[in-house]
Amino acid sequence: MTRTVAAWATGFVLLLETFGIVLLCLTLGAVVDNQSMSLAGTDPDAVVTGSYVLAVVAGLFLCACAFVALRCALRRHAPGRAGQILLIVAAVVHGVLAAVSLALIGLAAFLGLLVVLALLVLILVSPDASPARPPAEVSPSTTP
């Protein structure tokens with residue numbers, strides 16, 4: 001039961017986070033493009049392209065994580081090996097971003113990232129909703 005609820009919540013939170021991150025990257029790219037900004041002498045077009053590429057990569061990554069979480073919720077089972085690896089990477093990324101955001105942004109962003117981190121870890125460590133059936137016992141055959 002715990003995994004199912006956590007998986008539903010995580011899936012929806014990750015979808016919301018996807019829209020936020022993509023919107024932030026696209027806005028950053030548009031601002032850099034409009035202002036012709038340069039970062040330490042780099043070409044502004046390179047910064048714009050990098051921002052748009054980051055929007056696509058981060059959006060696909062977070063959508064994949066949300067898909068794994070929602071699939072866990074529907075199936076009521078733990079994610080497979082590839083899903084576990086994807087969720088572990090997402091948890092590590094959220095942990096690192098939480099540490100950085102505490103120093104640079106503030107407590108609200110830190111707590112938001114920690115909530116997502118806690119939901120990801122809860123999916124990974126909570127038991128299945130219905131325990132697997134024990135394997136059928138094989139009775140010894142009586143052969144004459």
# chains A, B, ... in the order shown; residues from 1 in each chain; ligands from 1
>>> residues_around(residues="range 33-37 of chain A", least_positions_apart="2", cutoff="12 Å", atoms="only C-alpha atoms", output="ChimeraX atom specification")
/A:26-31,39-52
>>> residues_around(residues="Val96 in chain A", least_positions_apart="6", cutoff="12 Å", atoms="only C-alpha atoms", output="PyMOL selection string")
chain A and resi 89-90+102-103+110+113-114+117
>>> write_last_selection(atoms="all heavy atoms", output="PDB file, in the first residue's frame")
ATOM      1  N   VAL A  89      19.342   7.033  -9.808  1.00  0.00           N
ATOM      2  CA  VAL A  89      20.022   8.198 -10.385  1.00  0.00           C
ATOM      3  C   VAL A  89      19.224   9.467 -10.098  1.00  0.00           C
ATOM      4  O   VAL A  89      19.793  10.505  -9.736  1.00  0.00           O
ATOM      5  CB  VAL A  89      20.235   7.994 -11.912  1.00  0.00           C
ATOM      6  CG1 VAL A  89      20.691   9.282 -12.574  1.00  0.00           C
ATOM      7  CG2 VAL A  89      21.237   6.887 -12.156  1.00  0.00           C
ATOM      8  N   ALA A  90      17.905   9.385 -10.229  1.00  0.00           N
ATOM      9  CA  ALA A  90      17.060  10.549  -9.939  1.00  0.00           C
ATOM     10  C   ALA A  90      17.171  10.947  -8.470  1.00  0.00           C
ATOM     11  O   ALA A  90      17.212  12.146  -8.147  1.00  0.00           O
ATOM     12  CB  ALA A  90      15.605  10.257 -10.303  1.00  0.00           C
ATOM     13  N   LEU A 102      20.126  24.554  -1.007  1.00  0.00           N
ATOM     14  CA  LEU A 102      20.131  25.100   0.352  1.00  0.00           C
ATOM     15  C   LEU A 102      21.135  26.239   0.463  1.00  0.00           C
ATOM     16  O   LEU A 102      20.857  27.258   1.095  1.00  0.00           O
ATOM     17  CB  LEU A 102      20.442  24.008   1.377  1.00  0.00           C
ATOM     18  CG  LEU A 102      20.449  24.448   2.836  1.00  0.00           C
ATOM     19  CD1 LEU A 102      19.077  24.978   3.232  1.00  0.00           C
ATOM     20  CD2 LEU A 102      20.867  23.316   3.740  1.00  0.00           C
ATOM     21  N   ALA A 103      22.265  26.086  -0.195  1.00  0.00           N
ATOM     22  CA  ALA A 103      23.290  27.117  -0.130  1.00  0.00           C
ATOM     23  C   ALA A 103      22.959  28.317  -1.010  1.00  0.00           C
ATOM     24  O   ALA A 103      23.252  29.450  -0.646  1.00  0.00           O
ATOM     25  CB  ALA A 103      24.637  26.531  -0.537  1.00  0.00           C
ATOM     26  N   PHE A 110      15.037  23.705  -0.999  1.00  0.00           N
ATOM     27  CA  PHE A 110      15.674  22.565  -0.343  1.00  0.00           C
ATOM     28  C   PHE A 110      14.648  21.560   0.142  1.00  0.00           C
ATOM     29  O   PHE A 110      14.760  20.356  -0.108  1.00  0.00           O
ATOM     30  CB  PHE A 110      16.531  23.068   0.822  1.00  0.00           C
ATOM     31  CG  PHE A 110      17.102  21.976   1.688  1.00  0.00           C
ATOM     32  CD1 PHE A 110      18.135  21.186   1.234  1.00  0.00           C
ATOM     33  CD2 PHE A 110      16.602  21.763   2.964  1.00  0.00           C
ATOM     34  CE1 PHE A 110      18.665  20.194   2.033  1.00  0.00           C
ATOM     35  CE2 PHE A 110      17.120  20.774   3.772  1.00  0.00           C
ATOM     36  CZ  PHE A 110      18.162  19.983   3.308  1.00  0.00           C
ATOM     37  N   LEU A 113      12.898  19.708  -2.806  1.00  0.00           N
ATOM     38  CA  LEU A 113      13.729  18.652  -3.374  1.00  0.00           C
ATOM     39  C   LEU A 113      13.859  17.471  -2.422  1.00  0.00           C
ATOM     40  O   LEU A 113      13.921  16.315  -2.859  1.00  0.00           O
ATOM     41  CB  LEU A 113      15.105  19.210  -3.733  1.00  0.00           C
ATOM     42  CG  LEU A 113      15.130  20.096  -4.977  1.00  0.00           C
ATOM     43  CD1 LEU A 113      16.420  20.885  -5.053  1.00  0.00           C
ATOM     44  CD2 LEU A 113      14.926  19.260  -6.221  1.00  0.00           C
ATOM     45  N   LEU A 114      13.886  17.734  -1.129  1.00  0.00           N
ATOM     46  CA  LEU A 114      13.954  16.629  -0.163  1.00  0.00           C
ATOM     47  C   LEU A 114      12.676  15.799  -0.152  1.00  0.00           C
ATOM     48  O   LEU A 114      12.725  14.585   0.053  1.00  0.00           O
ATOM     49  CB  LEU A 114      14.241  17.156   1.240  1.00  0.00           C
ATOM     50  CG  LEU A 114      15.687  17.438   1.563  1.00  0.00           C
ATOM     51  CD1 LEU A 114      15.851  17.759   3.039  1.00  0.00           C
ATOM     52  CD2 LEU A 114      16.607  16.310   1.178  1.00  0.00           C
ATOM     53  N   LEU A 117      12.992  13.566  -3.091  1.00  0.00           N
ATOM     54  CA  LEU A 117      13.989  12.554  -2.749  1.00  0.00           C
ATOM     55  C   LEU A 117      13.408  11.484  -1.834  1.00  0.00           C
ATOM     56  O   LEU A 117      13.612  10.286  -2.045  1.00  0.00           O
ATOM     57  CB  LEU A 117      15.199  13.221  -2.087  1.00  0.00           C
ATOM     58  CG  LEU A 117      16.274  12.294  -1.517  1.00  0.00           C
ATOM     59  CD1 LEU A 117      16.939  11.499  -2.629  1.00  0.00           C
ATOM     60  CD2 LEU A 117      17.296  13.094  -0.743  1.00  0.00           C
TER      61      LEU A 117
END
>>> select_by_dssp(residues="range 32-112 of chain A", states="alpha helix (DSSP H)", output="PyMOL selection string")
chain A and resi 32-35+44-75+81-104+107-112
>>> atom_distance(atom1="CA of Val93 in chain A", atom2="CA of Ala73 in chain A")
22.1 Å
>>> closest_residue(among="A:Ser101, A:Ser38, A:Gln84, A:Thr4", to="Cys65 in chain A", atoms="only C-alpha atoms")
A:Gln84
>>> residues_around(residues="Leu86 in chain A", least_positions_apart="4", cutoff="9 Å", atoms="only C-alpha atoms", output="PDB file with all heavy atoms, in the first residue's frame")
ATOM      1  N   PHE A  61      14.405  12.833 -19.176  1.00  0.00           N
ATOM      2  CA  PHE A  61      14.813  12.089 -17.989  1.00  0.00           C
ATOM      3  C   PHE A  61      13.713  12.079 -16.925  1.00  0.00           C
ATOM      4  O   PHE A  61      13.372  11.026 -16.376  1.00  0.00           O
ATOM      5  CB  PHE A  61      16.105  12.685 -17.424  1.00  0.00           C
ATOM      6  CG  PHE A  61      16.539  12.066 -16.124  1.00  0.00           C
ATOM      7  CD1 PHE A  61      17.041  10.786 -16.079  1.00  0.00           C
ATOM      8  CD2 PHE A  61      16.445  12.782 -14.937  1.00  0.00           C
ATOM      9  CE1 PHE A  61      17.441  10.215 -14.880  1.00  0.00           C
ATOM     10  CE2 PHE A  61      16.839  12.226 -13.742  1.00  0.00           C
ATOM     11  CZ  PHE A  61      17.338  10.940 -13.701  1.00  0.00           C
ATOM     12  N   ALA A  64      10.757   9.984 -18.004  1.00  0.00           N
ATOM     13  CA  ALA A  64      11.044   8.555 -17.851  1.00  0.00           C
ATOM     14  C   ALA A  64      10.917   8.132 -16.389  1.00  0.00           C
ATOM     15  O   ALA A  64      10.368   7.065 -16.089  1.00  0.00           O
ATOM     16  CB  ALA A  64      12.440   8.234 -18.386  1.00  0.00           C
ATOM     17  N   CYS A  65      11.398   8.962 -15.480  1.00  0.00           N
ATOM     18  CA  CYS A  65      11.265   8.656 -14.051  1.00  0.00           C
ATOM     19  C   CYS A  65       9.795   8.643 -13.629  1.00  0.00           C
ATOM     20  O   CYS A  65       9.373   7.771 -12.863  1.00  0.00           O
ATOM     21  CB  CYS A  65      12.036   9.669 -13.215  1.00  0.00           C
ATOM     22  SG  CYS A  65      13.810   9.557 -13.397  1.00  0.00           S
ATOM     23  N   VAL A  68       8.191   5.424 -14.863  1.00  0.00           N
ATOM     24  CA  VAL A  68       8.540   4.272 -14.014  1.00  0.00           C
ATOM     25  C   VAL A  68       7.740   4.319 -12.720  1.00  0.00           C
ATOM     26  O   VAL A  68       7.214   3.292 -12.261  1.00  0.00           O
ATOM     27  CB  VAL A  68      10.060   4.246 -13.730  1.00  0.00           C
ATOM     28  CG1 VAL A  68      10.402   3.245 -12.645  1.00  0.00           C
ATOM     29  CG2 VAL A  68      10.828   3.923 -14.997  1.00  0.00           C
ATOM     30  N   ARG A  81      14.916  -3.847 -12.896  1.00  0.00           N
ATOM     31  CA  ARG A  81      16.308  -3.441 -12.684  1.00  0.00           C
ATOM     32  C   ARG A  81      16.598  -2.076 -13.336  1.00  0.00           C
ATOM     33  O   ARG A  81      17.185  -1.203 -12.715  1.00  0.00           O
ATOM     34  CB  ARG A  81      17.232  -4.510 -13.259  1.00  0.00           C
ATOM     35  CG  ARG A  81      18.698  -4.204 -13.170  1.00  0.00           C
ATOM     36  CD  ARG A  81      19.258  -4.328 -11.803  1.00  0.00           C
ATOM     37  NE  ARG A  81      19.081  -5.697 -11.343  1.00  0.00           N
ATOM     38  CZ  ARG A  81      19.321  -6.094 -10.103  1.00  0.00           C
ATOM     39  NH1 ARG A  81      19.740  -5.232  -9.221  1.00  0.00           N
ATOM     40  NH2 ARG A  81      19.137  -7.319  -9.731  1.00  0.00           N
ATOM     41  N   ALA A  82      16.171  -1.891 -14.574  1.00  0.00           N
ATOM     42  CA  ALA A  82      16.415  -0.618 -15.255  1.00  0.00           C
ATOM     43  C   ALA A  82      15.650   0.516 -14.563  1.00  0.00           C
ATOM     44  O   ALA A  82      16.161   1.636 -14.430  1.00  0.00           O
ATOM     45  CB  ALA A  82      16.008  -0.704 -16.720  1.00  0.00           C
ATOM     46  N   ALA A  90      17.905   9.385 -10.229  1.00  0.00           N
ATOM     47  CA  ALA A  90      17.060  10.549  -9.939  1.00  0.00           C
ATOM     48  C   ALA A  90      17.171  10.947  -8.470  1.00  0.00           C
ATOM     49  O   ALA A  90      17.212  12.146  -8.147  1.00  0.00           O
ATOM     50  CB  ALA A  90      15.605  10.257 -10.303  1.00  0.00           C
ATOM     51  N   ALA A  91      17.233   9.965  -7.583  1.00  0.00           N
ATOM     52  CA  ALA A  91      17.362  10.268  -6.157  1.00  0.00           C
ATOM     53  C   ALA A  91      18.699  10.939  -5.859  1.00  0.00           C
ATOM     54  O   ALA A  91      18.756  11.917  -5.090  1.00  0.00           O
ATOM     55  CB  ALA A  91      17.210   8.992  -5.333  1.00  0.00           C
TER      56      ALA A  91
END
>>> atom_distance(atom1="CA of Val57 in chain A", atom2="CA of Leu124 in chain A")
23.4 Å
>>> closest_residue(among="A:Leu111, A:Leu104, A:Leu119, A:Val56", to="Leu87 in chain A", atoms="only C-alpha atoms")
A:Leu119
>>> atom_distance(atom1="CA of Ile123 in chain A", atom2="CA of Glu17 in chain A")
17.5 Å
>>> closest_residue(among="A:Met1, A:Leu15, A:Val121, A:Val116", to="Cys63 in chain A", atoms="only C-alpha atoms")
A:Leu15
>>> residues_around(residues="Gly11 in chain A", least_positions_apart="5", cutoff="6 Å", atoms="only C-alpha atoms", output="number ranges by chain")
A: 66, 69-70
>>> write_last_selection(atoms="C-alpha atoms", output="compact mmCIF listing (two decimals), in the first residue's frame")
# COMPACT_ATOMS: atom_id res chain seq x y z
CA ALA A 66 7.59 9.63 -13.81
CA ALA A 69 6.87 5.60 -10.86
CA LEU A 70 3.37 5.55 -12.38
>>> residues_around(residues="Cys72 in chain A", least_positions_apart="3", cutoff="10 Å", atoms="only C-alpha atoms", output="ChimeraX atom specification")
/A:3-8,11,66-69,75-80,83,123,128
>>> write_last_selection(atoms="all heavy atoms", output="compact mmCIF listing (two decimals), in the first residue's frame")
# COMPACT_ATOMS: atom_id res chain seq x y z
N ARG A 3 3.97 1.67 -1.11
CA ARG A 3 4.64 1.89 -2.38
C ARG A 3 3.68 2.46 -3.41
O ARG A 3 4.04 3.34 -4.20
CB ARG A 3 5.27 0.61 -2.91
CG ARG A 3 5.88 0.83 -4.29
CD ARG A 3 6.53 -0.39 -4.85
NE ARG A 3 7.80 -0.56 -4.16
CZ ARG A 3 8.32 -1.74 -3.90
NH1 ARG A 3 7.70 -2.83 -4.22
NH2 ARG A 3 9.48 -1.83 -3.30
N THR A 4 2.45 1.98 -3.42
CA THR A 4 1.48 2.44 -4.41
C THR A 4 1.18 3.93 -4.23
O THR A 4 1.19 4.69 -5.20
CB THR A 4 0.19 1.62 -4.31
OG1 THR A 4 0.52 0.23 -4.44
CG2 THR A 4 -0.80 2.00 -5.37
N VAL A 5 0.93 4.34 -3.02
CA VAL A 5 0.63 5.75 -2.74
C VAL A 5 1.85 6.61 -3.05
O VAL A 5 1.74 7.67 -3.68
CB VAL A 5 0.18 5.93 -1.28
CG1 VAL A 5 0.04 7.39 -0.93
CG2 VAL A 5 -1.12 5.19 -1.03
N ALA A 6 3.02 6.15 -2.63
CA ALA A 6 4.24 6.91 -2.90
C ALA A 6 4.52 6.99 -4.40
O ALA A 6 4.97 8.02 -4.90
CB ALA A 6 5.42 6.27 -2.18
N ALA A 7 4.23 5.92 -5.11
CA ALA A 7 4.48 5.91 -6.56
C ALA A 7 3.54 6.86 -7.28
O ALA A 7 3.95 7.58 -8.20
CB ALA A 7 4.34 4.49 -7.10
N TRP A 8 2.26 6.89 -6.89
CA TRP A 8 1.32 7.84 -7.50
C TRP A 8 1.78 9.27 -7.23
O TRP A 8 1.81 10.10 -8.14
CB TRP A 8 -0.09 7.65 -6.97
CG TRP A 8 -0.85 6.51 -7.57
CD1 TRP A 8 -1.24 5.38 -6.94
CD2 TRP A 8 -1.31 6.40 -8.93
NE1 TRP A 8 -1.91 4.56 -7.82
CE2 TRP A 8 -1.97 5.16 -9.04
CE3 TRP A 8 -1.21 7.21 -10.04
CZ2 TRP A 8 -2.53 4.72 -10.23
CZ3 TRP A 8 -1.77 6.76 -11.24
CH2 TRP A 8 -2.42 5.55 -11.33
N GLY A 11 5.01 10.08 -9.19
CA GLY A 11 4.76 10.25 -10.62
C GLY A 11 4.20 11.62 -10.94
O GLY A 11 4.66 12.30 -11.87
N ALA A 66 9.03 9.60 -14.13
CA ALA A 66 7.59 9.63 -13.81
C ALA A 66 6.89 8.41 -14.37
O ALA A 66 6.01 7.84 -13.72
CB ALA A 66 6.96 10.91 -14.36
N PHE A 67 7.27 8.00 -15.58
CA PHE A 67 6.68 6.80 -16.18
C PHE A 67 6.96 5.56 -15.33
O PHE A 67 6.06 4.76 -15.09
CB PHE A 67 7.23 6.60 -17.60
CG PHE A 67 6.79 5.32 -18.23
CD1 PHE A 67 5.50 5.18 -18.72
CD2 PHE A 67 7.66 4.25 -18.34
CE1 PHE A 67 5.09 3.99 -19.30
CE2 PHE A 67 7.27 3.06 -18.90
CZ PHE A 67 5.97 2.92 -19.39
N VAL A 68 8.19 5.42 -14.86
CA VAL A 68 8.54 4.27 -14.01
C VAL A 68 7.74 4.32 -12.72
O VAL A 68 7.21 3.29 -12.26
CB VAL A 68 10.06 4.25 -13.73
CG1 VAL A 68 10.40 3.24 -12.64
CG2 VAL A 68 10.83 3.92 -15.00
N ALA A 69 7.62 5.49 -12.12
CA ALA A 69 6.87 5.60 -10.86
C ALA A 69 5.39 5.29 -11.07
O ALA A 69 4.78 4.56 -10.27
CB ALA A 69 7.04 7.00 -10.29
N ARG A 75 1.06 -1.30 -11.40
CA ARG A 75 1.35 -2.73 -11.26
C ARG A 75 1.41 -3.18 -9.80
O ARG A 75 1.34 -4.37 -9.52
CB ARG A 75 2.68 -3.04 -11.93
CG ARG A 75 2.61 -2.94 -13.43
CD ARG A 75 3.94 -3.23 -14.09
NE ARG A 75 4.48 -4.49 -13.66
CZ ARG A 75 5.77 -4.69 -13.37
NH1 ARG A 75 6.62 -3.70 -13.45
NH2 ARG A 75 6.19 -5.87 -13.00
N ARG A 76 1.59 -2.23 -8.90
CA ARG A 76 1.72 -2.52 -7.46
C ARG A 76 2.90 -3.43 -7.14
O ARG A 76 2.82 -4.29 -6.25
CB ARG A 76 0.43 -3.10 -6.90
CG ARG A 76 -0.73 -2.16 -6.98
CD ARG A 76 -1.99 -2.78 -6.46
NE ARG A 76 -3.10 -1.89 -6.68
CZ ARG A 76 -3.86 -1.43 -5.71
NH1 ARG A 76 -3.63 -1.76 -4.48
NH2 ARG A 76 -4.84 -0.61 -6.00
N HIS A 77 3.95 -3.26 -7.89
CA HIS A 77 5.18 -4.02 -7.68
C HIS A 77 6.37 -3.08 -7.79
O HIS A 77 6.26 -1.97 -8.31
CB HIS A 77 5.33 -5.15 -8.70
CG HIS A 77 4.37 -6.26 -8.49
ND1 HIS A 77 4.43 -7.11 -7.42
CD2 HIS A 77 3.30 -6.67 -9.22
CE1 HIS A 77 3.45 -8.00 -7.50
NE2 HIS A 77 2.75 -7.74 -8.58
N ALA A 78 7.50 -3.56 -7.35
CA ALA A 78 8.73 -2.77 -7.43
C ALA A 78 9.13 -2.60 -8.89
O ALA A 78 8.79 -3.43 -9.74
CB ALA A 78 9.85 -3.48 -6.67
N PRO A 79 9.85 -1.55 -9.18
CA PRO A 79 10.32 -1.38 -10.56
C PRO A 79 11.35 -2.45 -10.90
O PRO A 79 11.99 -3.03 -10.01
CB PRO A 79 10.95 0.02 -10.56
CG PRO A 79 11.27 0.31 -9.14
CD PRO A 79 10.27 -0.44 -8.32
N GLY A 80 11.52 -2.69 -12.18
CA GLY A 80 12.52 -3.65 -12.63
C GLY A 80 13.92 -3.10 -12.42
O GLY A 80 14.12 -2.02 -11.87
N GLY A 83 14.43 0.24 -14.12
CA GLY A 83 13.66 1.25 -13.40
C GLY A 83 14.29 1.62 -12.07
O GLY A 83 14.29 2.79 -11.69
N ILE A 123 9.75 4.61 -2.77
CA ILE A 123 9.39 3.64 -3.82
C ILE A 123 10.40 2.50 -3.85
O ILE A 123 10.05 1.34 -4.02
CB ILE A 123 9.34 4.32 -5.21
CG1 ILE A 123 8.16 5.25 -5.30
CG2 ILE A 123 9.24 3.29 -6.32
CD1 ILE A 123 8.13 6.04 -6.59
N ASP A 128 6.42 -4.78 -1.54
CA ASP A 128 5.33 -4.88 -2.50
C ASP A 128 3.99 -4.90 -1.79
O ASP A 128 3.88 -5.30 -0.64
CB ASP A 128 5.46 -6.16 -3.34
CG ASP A 128 6.52 -6.04 -4.40
OD1 ASP A 128 6.84 -4.91 -4.77
OD2 ASP A 128 7.04 -7.08 -4.83
>>> decode(residues="range 80-91 of chain A", atoms="all heavy atoms", output="CSV table (one decimal), in the first residue's frame")
chain,number,residue,atom,x,y,z
A,80,GLY,N,11.5,-2.7,-12.2
A,80,GLY,CA,12.5,-3.7,-12.6
A,80,GLY,C,13.9,-3.1,-12.4
A,80,GLY,O,14.1,-2.0,-11.9
A,81,ARG,N,14.9,-3.8,-12.9
A,81,ARG,CA,16.3,-3.4,-12.7
A,81,ARG,C,16.6,-2.1,-13.3
A,81,ARG,O,17.2,-1.2,-12.7
A,81,ARG,CB,17.2,-4.5,-13.3
A,81,ARG,CG,18.7,-4.2,-13.2
A,81,ARG,CD,19.3,-4.3,-11.8
A,81,ARG,NE,19.1,-5.7,-11.3
A,81,ARG,CZ,19.3,-6.1,-10.1
A,81,ARG,NH1,19.7,-5.2,-9.2
A,81,ARG,NH2,19.1,-7.3,-9.7
A,82,ALA,N,16.2,-1.9,-14.6
A,82,ALA,CA,16.4,-0.6,-15.3
A,82,ALA,C,15.7,0.5,-14.6
A,82,ALA,O,16.2,1.6,-14.4
A,82,ALA,CB,16.0,-0.7,-16.7
A,83,GLY,N,14.4,0.2,-14.1
A,83,GLY,CA,13.7,1.3,-13.4
A,83,GLY,C,14.3,1.6,-12.1
A,83,GLY,O,14.3,2.8,-11.7
A,84,GLN,N,14.9,0.6,-11.4
A,84,GLN,CA,15.5,0.9,-10.1
A,84,GLN,C,16.7,1.8,-10.3
A,84,GLN,O,17.0,2.8,-9.6
A,84,GLN,CB,16.0,-0.4,-9.4
A,84,GLN,CG,14.8,-1.1,-8.8
A,84,GLN,CD,15.3,-2.4,-8.2
A,84,GLN,OE1,16.4,-2.9,-8.4
A,84,GLN,NE2,14.4,-3.1,-7.4
A,85,ILE,N,17.5,1.5,-11.4
A,85,ILE,CA,18.7,2.3,-11.7
A,85,ILE,C,18.3,3.7,-12.0
A,85,ILE,O,18.9,4.7,-11.5
A,85,ILE,CB,19.5,1.7,-12.8
A,85,ILE,CG1,20.1,0.4,-12.3
A,85,ILE,CG2,20.6,2.6,-13.3
A,85,ILE,CD1,20.8,-0.5,-13.4
A,86,LEU,N,17.2,3.9,-12.8
A,86,LEU,CA,16.8,5.2,-13.2
A,86,LEU,C,16.3,6.0,-12.0
A,86,LEU,O,16.6,7.2,-11.8
A,86,LEU,CB,15.6,5.1,-14.2
A,86,LEU,CG,15.2,6.4,-14.9
A,86,LEU,CD1,16.2,6.9,-15.8
A,86,LEU,CD2,13.9,6.1,-15.7
A,87,LEU,N,15.6,5.4,-11.1
A,87,LEU,CA,15.1,6.0,-9.9
A,87,LEU,C,16.2,6.3,-8.9
A,87,LEU,O,16.2,7.4,-8.2
A,87,LEU,CB,14.0,5.2,-9.2
A,87,LEU,CG,12.7,5.1,-9.9
A,87,LEU,CD1,11.7,4.3,-9.2
A,87,LEU,CD2,12.1,6.4,-10.3
A,88,ILE,N,17.2,5.5,-8.8
A,88,ILE,CA,18.4,5.8,-8.0
A,88,ILE,C,19.2,7.0,-8.5
A,88,ILE,O,19.6,7.8,-7.7
A,88,ILE,CB,19.3,4.5,-7.9
A,88,ILE,CG1,18.6,3.4,-7.0
A,88,ILE,CG2,20.7,4.9,-7.3
A,88,ILE,CD1,19.3,2.1,-7.1
A,89,VAL,N,19.3,7.0,-9.8
A,89,VAL,CA,20.0,8.2,-10.4
A,89,VAL,C,19.2,9.5,-10.1
A,89,VAL,O,19.8,10.5,-9.7
A,89,VAL,CB,20.2,8.0,-11.9
A,89,VAL,CG1,20.7,9.3,-12.6
A,89,VAL,CG2,21.2,6.9,-12.2
A,90,ALA,N,17.9,9.4,-10.2
A,90,ALA,CA,17.1,10.5,-9.9
A,90,ALA,C,17.2,10.9,-8.5
A,90,ALA,O,17.2,12.1,-8.1
A,90,ALA,CB,15.6,10.3,-10.3
A,91,ALA,N,17.2,10.0,-7.6
A,91,ALA,CA,17.4,10.3,-6.2
A,91,ALA,C,18.7,10.9,-5.9
A,91,ALA,O,18.8,11.9,-5.1
A,91,ALA,CB,17.2,9.0,-5.3
